[in-house]
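Read the structure below first, then the notes.
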Amino acid sequence: MANPTTIDGLEHYISQCLASNEPHMPPTGRILHWIMQTYAMDRYIELERKHLEGRYELKDNQDYNEKFFNLEFWLNNKVKLAMMLGFVRAQTGNILDLGAGAGHFMLVARCLGYGVHGLDIPDPVFDDLTDFFNLSRTIHRIRAFEPLPDFGVKFDFVTAFYTSFHVSEAKALWGEEEWDYFLSDLATNVLTEHGKLYMVLNRHHHTIGGLQYASGEAKRYFEARGASFHQNNGVVKFEDMSRFRR
Ligand SMILES: C[S@@+](CC[C@H](N)C(=O)[O-])C[C@H]1O[C@@H](n2cnc3c(N)ncnc32)[C@H](O)[C@@H]1O
């Protein structure tokens with residue numbers, strides 16, 4: 001069972017990461033070290049206590065956003081994604097992360113040197129964690145056939161990990177028309193001329209209609225529009241969004 005976060009525990013994890021031969025572990029250790037140098041981690045521990053006192057088991061429960069207090073696990077998860085997508089220290093650019101959650105990907109990207117901005121709907125865990133890490137966000141609910149807000153700046157990358165904005169409150173999945181509108185809005189209003197879109201689609205079960213992941217419909221749709229789609233892990237990569245510009 002996950003334990004409360006402690007400074008000793010984080011330092012121990014960093015030393016395990018740095019000694020590991022697995023490619024994503026040393027970068028995770030270095031990023032966690034940077035976080036411990038940059039943020040007051042005793043305040044992080046207080047924040048965790050505020051949300052989890054008496055119910056630390058929620059850190060292990062996939063159904064609760066409190067799981068995102070498991071800093072080691074989620075940083076590692078996002079370091080793997082960042083490496084898989086080619087985000088590296090030498091590159092530059094700014095990133096808009098849709099459905100940013102607790103901000104772990106934004107933290108990794110910031111540590112690598114990218115500019116980062118998030119977008120999400122309000123949530124007590126996400127609001128407190130992104131405030132703690134001083135991550136800038138726009139609070140906004142993405143809806144089918146509605147444009148994203150004007151951010152006052154264009155982004156080199158839009159990312160969206162374990163997406164759920166494409167599922168309505170009635171559990172209906174977006175279909176081709178909803179995605180076409182969204183891609184066109186991103187290309188026209190949000191991304192720079194050579195901007196890229198990287199997403200990881202969530203495997204939503206019990207949804208109705210739309211482009212289902214398991215049946216291969218989502219894969220067929222994204223590939224027909226020029227993206228690569230990985231059926232095993234749901235990674236969608238658009239390296240060129242210019243064809244969607246209005
Ligand atoms: C499964 S969580 C993933 C969080 C984060 N991307 C990560 O990988 O750790 C899905 C995220 O999408 C956000 N979300 C869900 N519906 C949304 C909507 N309609 N508009 C914007 N964000 C939404 C949730 O609040 C949450 O942050």
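By convention in this document, the chains of the structure tokens carry letters A, B, ... by their order, each chain's residues are numbered from 1, and ligands are numbered from 1 in the order they are shown.
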Practice prompt. Could you pull out the residues sitting within 6 Å of ligand 1, using only C-alpha atoms and all ligand atoms, and write them as a PyMOL selection string?
Written response: chain A and resi 99-101+120-121+141-143+160-165
Could those selected residues go to a file with N, CA and C atoms, as a compact mmCIF listing (two decimals), in the first residue's frame?
```txt
# COMPACT_ATOMS: atom_id res chain seq x y z
N GLY A 99 -6.38 18.84 -20.45
CA GLY A 99 -6.71 17.86 -19.40
C GLY A 99 -5.46 17.57 -18.59
N ALA A 100 -4.82 18.64 -18.13
CA ALA A 100 -3.46 18.54 -17.55
C ALA A 100 -3.44 17.78 -16.23
N GLY A 101 -4.59 17.61 -15.59
CA GLY A 101 -4.63 16.85 -14.34
C GLY A 101 -3.78 17.51 -13.26
N ASP A 120 -7.78 22.67 -17.95
CA ASP A 120 -8.52 21.61 -17.27
C ASP A 120 -9.82 22.17 -16.72
N ILE A 121 -10.70 21.26 -16.28
CA ILE A 121 -11.90 21.65 -15.56
C ILE A 121 -11.54 21.70 -14.07
N ARG A 141 -13.91 23.92 -19.91
CA ARG A 141 -14.40 22.58 -20.28
C ARG A 141 -14.45 22.46 -21.80
N ILE A 142 -13.70 21.52 -22.34
CA ILE A 142 -13.75 21.28 -23.79
C ILE A 142 -15.08 20.62 -24.12
N ARG A 143 -15.76 21.16 -25.12
CA ARG A 143 -17.04 20.58 -25.55
C ARG A 143 -17.04 20.43 -27.07
N ALA A 160 -2.22 15.88 -24.90
CA ALA A 160 -3.41 15.49 -24.13
C ALA A 160 -3.22 14.02 -23.76
N PHE A 161 -3.02 13.75 -22.47
CA PHE A 161 -2.70 12.38 -22.05
C PHE A 161 -3.86 11.76 -21.29
N TYR A 162 -4.21 10.55 -21.69
CA TYR A 162 -5.32 9.79 -21.07
C TYR A 162 -6.59 10.65 -21.15
N THR A 163 -6.90 11.03 -22.37
CA THR A 163 -7.97 11.99 -22.64
C THR A 163 -9.34 11.51 -22.18
N SER A 164 -10.15 12.45 -21.74
CA SER A 164 -11.56 12.12 -21.54
C SER A 164 -12.49 13.23 -21.98
N PHE A 165 -11.90 14.31 -22.56
CA PHE A 165 -12.76 15.41 -23.02
C PHE A 165 -13.64 14.99 -24.20
```
Worksheet item: Which neighbours of Phe229 in chain A fall inside 12 Å, counting only C-alpha atoms, when residues of the same chain fewer than 2 positions from it are skipped, and could you give them as JSON, numbers by chain?
Response: {"A": [198, 199, 200, 201, 213, 216, 217, 218, 219, 220, 221, 222, 223, 224, 225, 226, 227, 231, 232, 233, 234, 235, 236, 237, 238, 239]}
Keeping only N, CA and C atoms, write those residues as an mmCIF file, in the first residue's frame.
```
data_model
loop_
_atom_site.group_PDB
_atom_site.id
_atom_site.type_symbol
_atom_site.label_atom_id
_atom_site.label_comp_id
_atom_site.auth_asym_id
_atom_site.auth_seq_id
_atom_site.Cartn_x
_atom_site.Cartn_y
_atom_site.Cartn_z
ATOM 1 N N TYR A 198 0.108 15.705 -29.932
ATOM 2 C CA TYR A 198 0.379 14.359 -29.411
ATOM 3 C C TYR A 198 -0.657 14.031 -28.344
ATOM 4 N N MET A 199 -1.314 12.889 -28.495
ATOM 5 C CA MET A 199 -2.336 12.503 -27.505
ATOM 6 C C MET A 199 -2.144 11.042 -27.109
ATOM 7 N N VAL A 200 -2.639 10.706 -25.939
ATOM 8 C CA VAL A 200 -2.810 9.291 -25.591
ATOM 9 C C VAL A 200 -4.294 9.111 -25.305
ATOM 10 N N LEU A 201 -4.962 8.351 -26.155
ATOM 11 C CA LEU A 201 -6.403 8.138 -25.956
ATOM 12 C C LEU A 201 -6.629 7.160 -24.817
ATOM 13 N N TYR A 213 -12.271 2.887 -29.621
ATOM 14 C CA TYR A 213 -10.846 2.546 -29.634
ATOM 15 C C TYR A 213 -10.675 1.048 -29.917
ATOM 16 N N GLY A 216 -11.014 -0.496 -33.378
ATOM 17 C CA GLY A 216 -10.105 -0.043 -34.432
ATOM 18 C C GLY A 216 -10.636 1.169 -35.189
ATOM 19 N N GLU A 217 -11.869 1.642 -34.839
ATOM 20 C CA GLU A 217 -12.412 2.806 -35.565
ATOM 21 C C GLU A 217 -11.571 4.055 -35.334
ATOM 22 N N ALA A 218 -11.114 4.241 -34.086
ATOM 23 C CA ALA A 218 -10.296 5.428 -33.771
ATOM 24 C C ALA A 218 -9.004 5.369 -34.585
ATOM 25 N N LYS A 219 -8.390 4.202 -34.638
ATOM 26 C CA LYS A 219 -7.142 4.048 -35.395
ATOM 27 C C LYS A 219 -7.372 4.405 -36.877
ATOM 28 N N ARG A 220 -8.450 3.861 -37.445
ATOM 29 C CA ARG A 220 -8.719 4.124 -38.869
ATOM 30 C C ARG A 220 -8.920 5.628 -39.113
ATOM 31 N N TYR A 221 -9.672 6.264 -38.199
ATOM 32 C CA TYR A 221 -9.947 7.697 -38.353
ATOM 33 C C TYR A 221 -8.641 8.494 -38.327
ATOM 34 N N PHE A 222 -7.808 8.293 -37.288
ATOM 35 C CA PHE A 222 -6.611 9.127 -37.133
ATOM 36 C C PHE A 222 -5.601 8.847 -38.244
ATOM 37 N N GLU A 223 -5.469 7.587 -38.631
ATOM 38 C CA GLU A 223 -4.517 7.289 -39.708
ATOM 39 C C GLU A 223 -4.984 7.909 -41.035
ATOM 40 N N ALA A 224 -6.289 7.893 -41.285
ATOM 41 C CA ALA A 224 -6.804 8.493 -42.523
ATOM 42 C C ALA A 224 -6.525 9.988 -42.573
ATOM 43 N N ARG A 225 -6.320 10.603 -41.417
ATOM 44 C CA ARG A 225 -6.046 12.046 -41.372
ATOM 45 C C ARG A 225 -4.558 12.352 -41.179
ATOM 46 N N GLY A 226 -3.737 11.341 -41.370
ATOM 47 C CA GLY A 226 -2.290 11.605 -41.413
ATOM 48 C C GLY A 226 -1.558 11.401 -40.108
ATOM 49 N N ALA A 227 -2.247 10.903 -39.076
ATOM 50 C CA ALA A 227 -1.559 10.671 -37.796
ATOM 51 C C ALA A 227 -1.029 9.247 -37.736
ATOM 52 N N GLN A 231 -2.091 1.077 -31.650
ATOM 53 C CA GLN A 231 -3.289 0.410 -31.105
ATOM 54 C C GLN A 231 -3.048 -0.140 -29.691
ATOM 55 N N ASN A 232 -1.797 -0.461 -29.358
ATOM 56 C CA ASN A 232 -1.545 -1.022 -28.014
ATOM 57 C C ASN A 232 -1.604 0.021 -26.916
ATOM 58 N N ASN A 233 -0.996 1.182 -27.166
ATOM 59 C CA ASN A 233 -0.930 2.157 -26.065
ATOM 60 C C ASN A 233 -1.745 3.427 -26.320
ATOM 61 N N GLY A 234 -2.418 3.527 -27.456
ATOM 62 C CA GLY A 234 -3.299 4.674 -27.717
ATOM 63 C C GLY A 234 -2.588 5.969 -28.051
ATOM 64 N N VAL A 235 -1.283 5.901 -28.372
ATOM 65 C CA VAL A 235 -0.552 7.138 -28.690
ATOM 66 C C VAL A 235 -0.886 7.588 -30.113
ATOM 67 N N VAL A 236 -1.386 8.820 -30.214
ATOM 68 C CA VAL A 236 -1.730 9.432 -31.500
ATOM 69 C C VAL A 236 -0.743 10.570 -31.726
ATOM 70 N N LYS A 237 -0.070 10.563 -32.889
ATOM 71 C CA LYS A 237 0.902 11.626 -33.166
ATOM 72 C C LYS A 237 0.588 12.291 -34.498
ATOM 73 N N PHE A 238 0.278 13.575 -34.430
ATOM 74 C CA PHE A 238 0.160 14.391 -35.635
ATOM 75 C C PHE A 238 1.409 15.250 -35.723
ATOM 76 N N GLU A 239 2.282 14.943 -36.671
ATOM 77 C CA GLU A 239 3.503 15.743 -36.819
ATOM 78 C C GLU A 239 3.253 16.974 -37.679
#
```
Worksheet item: Out of A:Ala2, A:Arg49, A:Phe73, A:Thr192, which residue has the shortest atom-to-atom distance to Leu32 in chain A when counting only C-alpha atoms?
Response: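 Using only C-alpha atoms, the shortest distance to Leu32 in chain A belongs to A:Phe73.
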Item to complete: Kindly indicate which residue among A:Ile95, A:Val108, A:Val88, A:Val167 lies nearest to Ile35 in chain A, using only C-alpha atoms for the distances.
Response: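 That would be A:Val108, the residue with the smallest distance to Ile35 in chain A.
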Discussion item. Set the distance at 10 Å and use only C-alpha atoms: which residues neighbour Trp74 in chain A once local chain neighbours fewer than 5 positions away are removed? I'd like the list as a list in words.
Written reply: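 The neighbour list is Thr28, Lys67, Phe68, Phe69, Val79, Lys80, Ala102, Gly103, His104 and Phe105 of chain A.
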Prev. selection, N, CA and C atoms, output as an mmCIF file, in the first residue's frame:
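Ended up saving to out_20.cif:
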```cif
data_model
loop_
_atom_site.group_PDB
_atom_site.id
_atom_site.type_symbol
_atom_site.label_atom_id
_atom_site.label_comp_id
_atom_site.auth_asym_id
_atom_site.auth_seq_id
_atom_site.Cartn_x
_atom_site.Cartn_y
_atom_site.Cartn_z
ATOM 1 N N THR A 28 14.039 10.249 -14.423
ATOM 2 C CA THR A 28 13.018 10.467 -13.387
ATOM 3 C C THR A 28 13.694 10.941 -12.094
ATOM 4 N N LYS A 67 -5.021 9.652 -6.265
ATOM 5 C CA LYS A 67 -3.893 8.799 -6.687
ATOM 6 C C LYS A 67 -2.724 9.654 -7.199
ATOM 7 N N PHE A 68 -3.029 10.881 -7.659
ATOM 8 C CA PHE A 68 -1.975 11.722 -8.234
ATOM 9 C C PHE A 68 -1.036 12.302 -7.176
ATOM 10 N N PHE A 69 -1.312 12.041 -5.869
ATOM 11 C CA PHE A 69 -0.307 12.409 -4.859
ATOM 12 C C PHE A 69 0.880 11.456 -4.883
ATOM 13 N N VAL A 79 7.669 10.833 -17.499
ATOM 14 C CA VAL A 79 9.014 10.805 -18.086
ATOM 15 C C VAL A 79 9.038 9.790 -19.228
ATOM 16 N N LYS A 80 8.418 8.624 -19.017
ATOM 17 C CA LYS A 80 8.355 7.602 -20.084
ATOM 18 C C LYS A 80 7.674 8.184 -21.329
ATOM 19 N N ALA A 102 -2.955 16.702 -12.584
ATOM 20 C CA ALA A 102 -2.135 17.215 -11.482
ATOM 21 C C ALA A 102 -0.892 17.939 -11.985
ATOM 22 N N GLY A 103 -0.656 17.932 -13.283
ATOM 23 C CA GLY A 103 0.440 18.725 -13.852
ATOM 24 C C GLY A 103 1.771 18.004 -13.946
ATOM 25 N N HIS A 104 1.786 16.668 -13.830
ATOM 26 C CA HIS A 104 3.085 15.971 -13.841
ATOM 27 C C HIS A 104 3.803 16.096 -15.186
ATOM 28 N N PHE A 105 3.049 16.022 -16.286
ATOM 29 C CA PHE A 105 3.734 16.190 -17.568
ATOM 30 C C PHE A 105 4.259 17.618 -17.702
#
```
Quick one: DSSP strand (DSSP E or B) residues in range 13-120 of chain A, as a CSV table (one decimal) with C-alpha atoms, in the first residue's frame?
```csv
chain,number,residue,atom,x,y,z
A,94,ASN,CA,5.9,25.9,-25.7
A,95,ILE,CA,3.4,23.2,-24.9
A,96,LEU,CA,-0.3,23.4,-24.2
A,97,ASP,CA,-1.4,20.3,-22.1
A,98,LEU,CA,-5.1,19.6,-22.4
A,115,GLY,CA,7.3,26.7,-21.8
A,116,VAL,CA,4.1,25.0,-20.4
A,117,HIS,CA,0.5,25.9,-20.0
A,118,GLY,CA,-2.4,23.6,-19.0
A,119,LEU,CA,-6.1,23.5,-19.5
A,120,ASP,CA,-8.5,21.6,-17.3
```
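Of the residues under consideration (A:Phe157, A:Phe132, A:Trp174, A:Phe182), A:Phe132 shows the shortest atom-to-atom contact distance to Arg43 in chain A when counting only C-alpha atoms.
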Worksheet entry | Selected residue, from A:Ala90, A:Leu81, A:Val125, A:Leu18, that lies nearest to Lys59 in chain A when counting only C-alpha atoms |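 For Lys59 in chain A, the nearest of the given residues is A:Val125.
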